[in-house]
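Trainee: Here you go, this is start-v9.tsv (TSV, C-alpha atoms).
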chain	number	residue	atom	x	y	z
C	1	MET	CA	35.03	12.98	4.01
C	2	SER	CA	31.58	11.46	4.37
C	3	ILE	CA	29.20	13.88	2.74
C	4	HIS	CA	25.62	12.70	2.38
C	5	PHE	CA	22.96	14.37	0.19
C	6	VAL	CA	19.82	15.22	2.17
C	7	GLY	CA	17.57	17.19	-0.13
C	8	ILE	CA	17.05	19.87	-2.72
C	9	ASP	CA	14.58	22.75	-2.87
C	10	PRO	CA	11.25	21.23	-3.90
C	11	GLU	CA	10.68	24.18	-6.22
C	12	THR	CA	14.06	23.89	-7.95
C	13	ASP	CA	14.25	25.19	-11.46
C	14	GLU	CA	17.15	25.70	-13.83
C	15	ASP	CA	18.15	29.02	-12.23
C	16	GLY	CA	18.65	27.91	-8.66
C	17	CYS	CA	18.84	24.81	-6.62
C	18	PRO	CA	19.26	25.30	-2.87
C	19	THR	CA	20.60	21.99	-1.58
C	20	VAL	CA	21.48	20.50	1.80
C	21	TRP	CA	24.10	17.87	2.64
C	22	VAL	CA	25.51	16.61	5.96
C	23	ASP	CA	29.07	15.61	6.71
C	24	THR	CA	28.61	12.55	8.89
C	25	GLU	CA	32.20	12.73	10.19
C	26	THR	CA	32.01	16.31	11.48
C	27	ALA	CA	28.21	16.65	11.86
C	28	ASP	CA	28.39	19.84	9.79
C	29	LEU	CA	25.57	20.97	7.53
C	30	LEU	CA	26.57	21.98	4.02
C	31	ILE	CA	24.13	24.35	2.37
C	32	GLN	CA	23.99	25.75	-1.13
C	33	SER	CA	21.55	28.60	-1.45
C	34	TYR	CA	21.03	32.11	-2.72
C	35	GLN	CA	23.50	34.78	-1.66
C	36	ALA	CA	21.64	37.53	0.15
C	37	ASP	CA	21.43	40.89	-1.59
C	38	GLU	CA	23.64	43.78	-0.46
C	39	GLU	CA	20.93	45.45	1.63
C	40	THR	CA	20.16	42.23	3.54
C	41	THR	CA	23.85	41.50	4.06
C	42	ALA	CA	24.48	45.03	5.35
C	43	THR	CA	21.52	44.74	7.73
C	44	CYS	CA	22.74	41.40	9.08
C	45	ASP	CA	26.26	42.79	9.37
C	46	GLY	CA	24.97	45.72	11.43
C	47	LEU	CA	22.96	43.45	13.72
C	48	SER	CA	25.88	41.17	14.59
C	49	PRO	CA	25.91	40.77	18.40
C	50	ALA	CA	29.70	40.88	18.38
C	51	ARG	CA	29.66	43.99	16.17
C	52	VAL	CA	32.25	42.28	14.01
C	53	PRO	CA	31.89	42.74	10.26
C	54	ILE	CA	31.23	39.70	8.11
C	55	PRO	CA	34.78	38.57	7.31
C	56	PRO	CA	36.20	37.75	3.90
C	57	GLY	CA	35.36	34.20	2.94
C	58	GLU	CA	31.96	34.33	4.66
C	59	THR	CA	28.65	35.59	3.37
C	60	VAL	CA	24.97	35.72	4.26
C	61	ILE	CA	22.84	33.18	2.44
C	62	ARG	CA	19.08	33.14	2.17
C	63	ILE	CA	17.40	29.76	2.61
C	64	PRO	CA	13.79	29.55	1.40
C	65	ALA	CA	11.34	28.75	4.21
C	66	ARG	CA	10.04	25.84	2.15
C	67	MET	CA	13.39	24.14	2.83
C	68	ALA	CA	12.76	23.92	6.61
C	69	PRO	CA	11.69	20.24	6.37
C	70	ILE	CA	14.93	19.44	4.55
C	71	ILE	CA	17.00	21.25	7.19
C	72	ARG	CA	15.13	19.31	9.91
C	73	LYS	CA	15.81	16.05	8.06
C	74	ALA	CA	19.51	16.92	7.88
C	75	LEU	CA	19.62	17.60	11.62
C	76	ASP	CA	17.78	14.34	12.32
C	77	GLU	CA	20.41	12.45	10.34
C	78	LEU	CA	23.20	13.73	12.58
C	79	ASP	CA	24.25	12.17	15.83
C	80	PRO	CA	21.80	13.39	18.49
C	81	GLY	CA	24.74	14.06	20.81
C	82	VAL	CA	25.98	16.99	18.72
C	83	ARG	CA	22.74	18.95	18.63
Go ahead and express the file in the form of structure tokens.
Mentor:
Amino acid sequence: MSIHFVGIDPETDEDGCPTVWVDTETADLLIQSYQADEETTATCDGLSPARVPIPPGETVIRIPARMAPIIRKALDELDPGVR
């Protein structure tokens, strides 16, 4: 596995540290962030285009908007052919 650190929330404190990595073999993004609260998760679940509930093993995460540059950097590090 070739996981590469891209960046961490610029406002990281001791209570949270949203982080982004890329897997250069699969071109997957790996994201650590805050789990969405129950109300947000239920809303997202109800708005699913497939009307399929969020399955076990998956969750809704909330990524702070200030992390957009880090997400863009992660995408830029991936092979352009997979975007």
Trainee: For a cutoff of 6 Å around the file-coordinate point (22.0, 16.1, 3.8), which residues qualify once you count all atoms listed in the file? I'd like the result as a list in words.
Mentor: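 Protein, DNA and RNA residues close to (22.0, 16.1, 3.8): His4, Phe5, Val6, Val20, Trp21, Val22 and Ala74 of chain C.
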Trainee: Using all atoms listed in the file, find the one residue out of C:Ile70, C:Ala42, C:Leu78, C:Ile63 that sits nearest to C:Gly16.
Mentor: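 Going through C:Ile70, C:Ala42, C:Leu78, C:Ile63 one by one, the smallest distance to C:Gly16 is for C:Ile63.
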Trainee: Can you measure atom CA of C:Ile31 to atom CA of C:Thr19 for me? One decimal in Å is fine.
Mentor: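 Those two atoms sit 5.8 Å apart.
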Trainee: Tell me, in Å to one decimal, how far atom CA of C:Ser2 is from atom CA of C:Thr26.
Mentor: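 One can read the atom CA of C:Ser2 to atom CA of C:Thr26 distance as 8.6 Å.
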Trainee: Do you have the atom CA of C:Val52-atom CA of C:Pro64 distance handy?
Mentor: 25.7 Å
Trainee: Pick the closest to C:Ile8 from C:Pro55, C:Leu30, C:Thr24, C:Met67: which is it, counting all atoms listed in the file?
Mentor: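 The answer is C:Met67, which sits nearest to C:Ile8.
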Trainee: Since the input lacks atoms, please generate N, CA, C and O atoms for stretch 20-42 of chain C and provide them as a PDB file, in the coordinates of the input.
Mentor:
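Result file is out11.pdb:
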ATOM      1  N   VAL C  20      20.930  20.746   0.474  1.00  0.00           N
ATOM      2  CA  VAL C  20      21.480  20.500   1.800  1.00  0.00           C
ATOM      3  C   VAL C  20      22.166  19.125   1.812  1.00  0.00           C
ATOM      4  O   VAL C  20      21.623  18.142   1.296  1.00  0.00           O
ATOM      5  N   TRP C  21      23.359  19.108   2.405  1.00  0.00           N
ATOM      6  CA  TRP C  21      24.100  17.870   2.640  1.00  0.00           C
ATOM      7  C   TRP C  21      24.511  17.860   4.110  1.00  0.00           C
ATOM      8  O   TRP C  21      24.516  18.888   4.769  1.00  0.00           O
ATOM      9  N   VAL C  22      24.887  16.700   4.631  1.00  0.00           N
ATOM     10  CA  VAL C  22      25.510  16.610   5.960  1.00  0.00           C
ATOM     11  C   VAL C  22      26.845  15.904   5.798  1.00  0.00           C
ATOM     12  O   VAL C  22      27.008  15.042   4.933  1.00  0.00           O
ATOM     13  N   ASP C  23      27.792  16.309   6.622  1.00  0.00           N
ATOM     14  CA  ASP C  23      29.070  15.610   6.710  1.00  0.00           C
ATOM     15  C   ASP C  23      28.956  14.745   7.952  1.00  0.00           C
ATOM     16  O   ASP C  23      28.922  15.247   9.077  1.00  0.00           O
ATOM     17  N   THR C  24      28.858  13.455   7.760  1.00  0.00           N
ATOM     18  CA  THR C  24      28.610  12.550   8.890  1.00  0.00           C
ATOM     19  C   THR C  24      29.831  12.389   9.787  1.00  0.00           C
ATOM     20  O   THR C  24      29.694  11.915  10.911  1.00  0.00           O
ATOM     21  N   GLU C  25      31.010  12.790   9.331  1.00  0.00           N
ATOM     22  CA  GLU C  25      32.200  12.730  10.190  1.00  0.00           C
ATOM     23  C   GLU C  25      32.268  13.914  11.141  1.00  0.00           C
ATOM     24  O   GLU C  25      32.666  13.760  12.288  1.00  0.00           O
ATOM     25  N   THR C  26      31.900  15.094  10.658  1.00  0.00           N
ATOM     26  CA  THR C  26      32.010  16.310  11.480  1.00  0.00           C
ATOM     27  C   THR C  26      30.666  16.787  12.027  1.00  0.00           C
ATOM     28  O   THR C  26      30.630  17.664  12.876  1.00  0.00           O
ATOM     29  N   ALA C  27      29.574  16.237  11.515  1.00  0.00           N
ATOM     30  CA  ALA C  27      28.210  16.650  11.860  1.00  0.00           C
ATOM     31  C   ALA C  27      27.923  18.078  11.392  1.00  0.00           C
ATOM     32  O   ALA C  27      27.066  18.764  11.936  1.00  0.00           O
ATOM     33  N   ASP C  28      28.643  18.524  10.373  1.00  0.00           N
ATOM     34  CA  ASP C  28      28.390  19.840   9.790  1.00  0.00           C
ATOM     35  C   ASP C  28      27.279  19.750   8.750  1.00  0.00           C
ATOM     36  O   ASP C  28      27.128  18.720   8.086  1.00  0.00           O
ATOM     37  N   LEU C  29      26.520  20.829   8.628  1.00  0.00           N
ATOM     38  CA  LEU C  29      25.570  20.970   7.530  1.00  0.00           C
ATOM     39  C   LEU C  29      26.278  21.710   6.410  1.00  0.00           C
ATOM     40  O   LEU C  29      27.014  22.664   6.655  1.00  0.00           O
ATOM     41  N   LEU C  30      26.043  21.302   5.194  1.00  0.00           N
ATOM     42  CA  LEU C  30      26.570  21.980   4.020  1.00  0.00           C
ATOM     43  C   LEU C  30      25.366  22.470   3.235  1.00  0.00           C
ATOM     44  O   LEU C  30      24.480  21.676   2.901  1.00  0.00           O
ATOM     45  N   ILE C  31      25.315  23.767   2.983  1.00  0.00           N
ATOM     46  CA  ILE C  31      24.130  24.350   2.370  1.00  0.00           C
ATOM     47  C   ILE C  31      24.518  25.195   1.163  1.00  0.00           C
ATOM     48  O   ILE C  31      25.374  26.075   1.264  1.00  0.00           O
ATOM     49  N   GLN C  32      23.881  24.903   0.064  1.00  0.00           N
ATOM     50  CA  GLN C  32      23.990  25.750  -1.130  1.00  0.00           C
ATOM     51  C   GLN C  32      22.677  26.511  -1.208  1.00  0.00           C
ATOM     52  O   GLN C  32      21.605  25.924  -1.135  1.00  0.00           O
ATOM     53  N   SER C  33      22.772  27.819  -1.340  1.00  0.00           N
ATOM     54  CA  SER C  33      21.550  28.600  -1.450  1.00  0.00           C
ATOM     55  C   SER C  33      21.864  29.929  -2.116  1.00  0.00           C
ATOM     56  O   SER C  33      22.965  30.147  -2.606  1.00  0.00           O
ATOM     57  N   TYR C  34      20.898  30.818  -2.085  1.00  0.00           N
ATOM     58  CA  TYR C  34      21.030  32.110  -2.720  1.00  0.00           C
ATOM     59  C   TYR C  34      21.835  33.053  -1.835  1.00  0.00           C
ATOM     60  O   TYR C  34      21.586  33.131  -0.638  1.00  0.00           O
ATOM     61  N   GLN C  35      22.777  33.770  -2.412  1.00  0.00           N
ATOM     62  CA  GLN C  35      23.500  34.780  -1.660  1.00  0.00           C
ATOM     63  C   GLN C  35      22.543  35.943  -1.423  1.00  0.00           C
ATOM     64  O   GLN C  35      21.830  36.374  -2.332  1.00  0.00           O
ATOM     65  N   ALA C  36      22.519  36.414  -0.190  1.00  0.00           N
ATOM     66  CA  ALA C  36      21.640  37.530   0.150  1.00  0.00           C
ATOM     67  C   ALA C  36      22.062  38.783  -0.617  1.00  0.00           C
ATOM     68  O   ALA C  36      23.247  38.965  -0.926  1.00  0.00           O
ATOM     69  N   ASP C  37      21.100  39.640  -0.892  1.00  0.00           N
ATOM     70  CA  ASP C  37      21.430  40.890  -1.590  1.00  0.00           C
ATOM     71  C   ASP C  37      22.217  41.806  -0.658  1.00  0.00           C
ATOM     72  O   ASP C  37      22.328  41.574   0.536  1.00  0.00           O
ATOM     73  N   GLU C  38      22.765  42.876  -1.227  1.00  0.00           N
ATOM     74  CA  GLU C  38      23.640  43.780  -0.460  1.00  0.00           C
ATOM     75  C   GLU C  38      22.921  44.425   0.722  1.00  0.00           C
ATOM     76  O   GLU C  38      23.497  44.569   1.799  1.00  0.00           O
ATOM     77  N   GLU C  39      21.671  44.808   0.533  1.00  0.00           N
ATOM     78  CA  GLU C  39      20.930  45.450   1.630  1.00  0.00           C
ATOM     79  C   GLU C  39      20.737  44.474   2.794  1.00  0.00           C
ATOM     80  O   GLU C  39      20.936  44.828   3.956  1.00  0.00           O
ATOM     81  N   THR C  40      20.350  43.244   2.487  1.00  0.00           N
ATOM     82  CA  THR C  40      20.160  42.230   3.540  1.00  0.00           C
ATOM     83  C   THR C  40      21.478  41.940   4.245  1.00  0.00           C
ATOM     84  O   THR C  40      21.530  41.864   5.477  1.00  0.00           O
ATOM     85  N   THR C  41      22.537  41.785   3.461  1.00  0.00           N
ATOM     86  CA  THR C  41      23.850  41.500   4.060  1.00  0.00           C
ATOM     87  C   THR C  41      24.285  42.637   4.973  1.00  0.00           C
ATOM     88  O   THR C  41      24.764  42.398   6.091  1.00  0.00           O
ATOM     89  N   ALA C  42      24.102  43.879   4.533  1.00  0.00           N
ATOM     90  CA  ALA C  42      24.480  45.030   5.350  1.00  0.00           C
ATOM     91  C   ALA C  42      23.661  45.082   6.646  1.00  0.00           C
ATOM     92  O   ALA C  42      24.187  45.382   7.715  1.00  0.00           O
TER      93      ALA C  42
END
